[in-house]
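In what follows, a structure is listed as structure tokens, so that the remarks can point back to it.
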Amino acid sequence: MKSELFAKILAVVAQVTELEPQKILSKTKTEDLVAARSLFVHQCVRFGIPPISIAEFMNRSKTKCIARSLEAYNSYYRTSYLFREMDNMIASMVHKDAASMPQ
């Protein structure tokens, strides 16, 4: 179930941000990828996935990167209307699809 949820969240973030999933998971630090990564991490946290599991899925050795992604999320959310709209769209799509996933 968790791997399906990771894949679904990543696919929705990729669709909404119009970025390739493997680029979102990369360590590249361009603003669009950092924003997309923060959206992915935030949605995972909303579903109760522990930071260590998120870090492992993203092939990171430390959960510190997850904390930084959440800090970036908070910053983007406070300052960007477009980011908030993307976040709302992603949340709606992921939650709708998660409700239809087998438990």
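All residue names refer to the structure tokens as shown: chains lettered A, B, ... in order, residues numbered from 1 in each chain, ligands numbered from 1 in order.
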
Who sits within 12 Å of Lys64 of chain A, only C-alpha atoms, same chain under 4 positions skipped, as number ranges by chain: A: 51-52, 54-56, 60, 68-71

Find the spatial neighbours of Phe40 of chain A, counting only C-alpha atoms, within a cut-off of 7 Å - ignore same-chain residues fewer than 6 positions away - and output them as a CSV table (one decimal) with N, CA and C atoms, in the first residue's frame.
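part-v2.csv was written with the following content:
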```
chain,number,residue,atom,x,y,z
A,9,ILE,N,1.2,9.7,-5.3
A,9,ILE,CA,1.5,11.1,-5.0
A,9,ILE,C,2.5,11.6,-6.0
A,10,LEU,N,3.5,10.9,-6.3
A,10,LEU,CA,4.5,11.3,-7.2
A,10,LEU,C,4.0,11.6,-8.6
A,13,VAL,N,1.9,14.8,-8.4
A,13,VAL,CA,2.7,16.0,-8.4
A,13,VAL,C,3.4,16.3,-9.7
```

If we count only C-alpha atoms and set the cut-off at 10 Å, which residues sit around Ala11 of chain A, ignoring sequence neighbours fewer than 3 positions away in its own chain? Please answer as a compact mmCIF listing (two decimals) with N, CA and C atoms, in the first residue's frame.
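Below you can see out.txt, which holds the result:
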```txt
# COMPACT_ATOMS: atom_id res chain seq x y z
N LEU A 5 1.00 4.31 -2.68
CA LEU A 5 0.70 5.69 -2.27
C LEU A 5 1.83 6.63 -2.70
N PHE A 6 3.08 6.21 -2.49
CA PHE A 6 4.21 7.01 -2.95
C PHE A 6 4.11 7.25 -4.46
N ALA A 7 3.86 6.18 -5.20
CA ALA A 7 3.78 6.29 -6.66
C ALA A 7 2.64 7.20 -7.09
N LYS A 8 1.50 7.10 -6.42
CA LYS A 8 0.34 7.93 -6.77
C LYS A 8 0.62 9.39 -6.49
N ALA A 14 3.84 15.20 -10.39
CA ALA A 14 4.46 15.33 -11.71
C ALA A 14 3.46 15.88 -12.73
N GLN A 15 2.24 15.40 -12.68
CA GLN A 15 1.21 15.87 -13.61
C GLN A 15 0.91 17.35 -13.40
N VAL A 16 0.71 17.75 -12.16
CA VAL A 16 0.33 19.13 -11.86
C VAL A 16 1.49 20.10 -12.14
N THR A 17 2.71 19.70 -11.79
CA THR A 17 3.86 20.58 -11.99
C THR A 17 4.45 20.48 -13.39
N LEU A 19 6.44 18.18 -14.50
CA LEU A 19 7.83 17.75 -14.39
C LEU A 19 7.88 16.23 -14.37
N GLU A 20 9.00 15.69 -14.82
CA GLU A 20 9.15 14.24 -14.83
C GLU A 20 9.39 13.72 -13.41
N PRO A 21 8.75 12.60 -13.05
CA PRO A 21 8.90 12.05 -11.70
C PRO A 21 10.36 11.85 -11.27
N PHE A 40 5.60 17.12 -2.96
CA PHE A 40 5.59 15.66 -2.80
C PHE A 40 5.76 15.28 -1.33
N ILE A 90 -3.32 19.19 -6.03
CA ILE A 90 -2.66 17.91 -5.75
C ILE A 90 -3.38 17.19 -4.61
N VAL A 94 -5.02 13.55 -5.05
CA VAL A 94 -4.45 12.42 -4.31
C VAL A 94 -5.48 11.83 -3.36
```

Pick from A:Asn59, A:Asp87, A:Thr30, A:Glu18 nearest to Asn74 of chain A, counting only C-alpha atoms: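 Using only C-alpha atoms, Asn74 of chain A sits closest to A:Asp87.
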
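Our summary of the geometry notes that atom CA of Gly48 of chain A is positioned 14.2 Å from atom CA of Glu4 of chain A.
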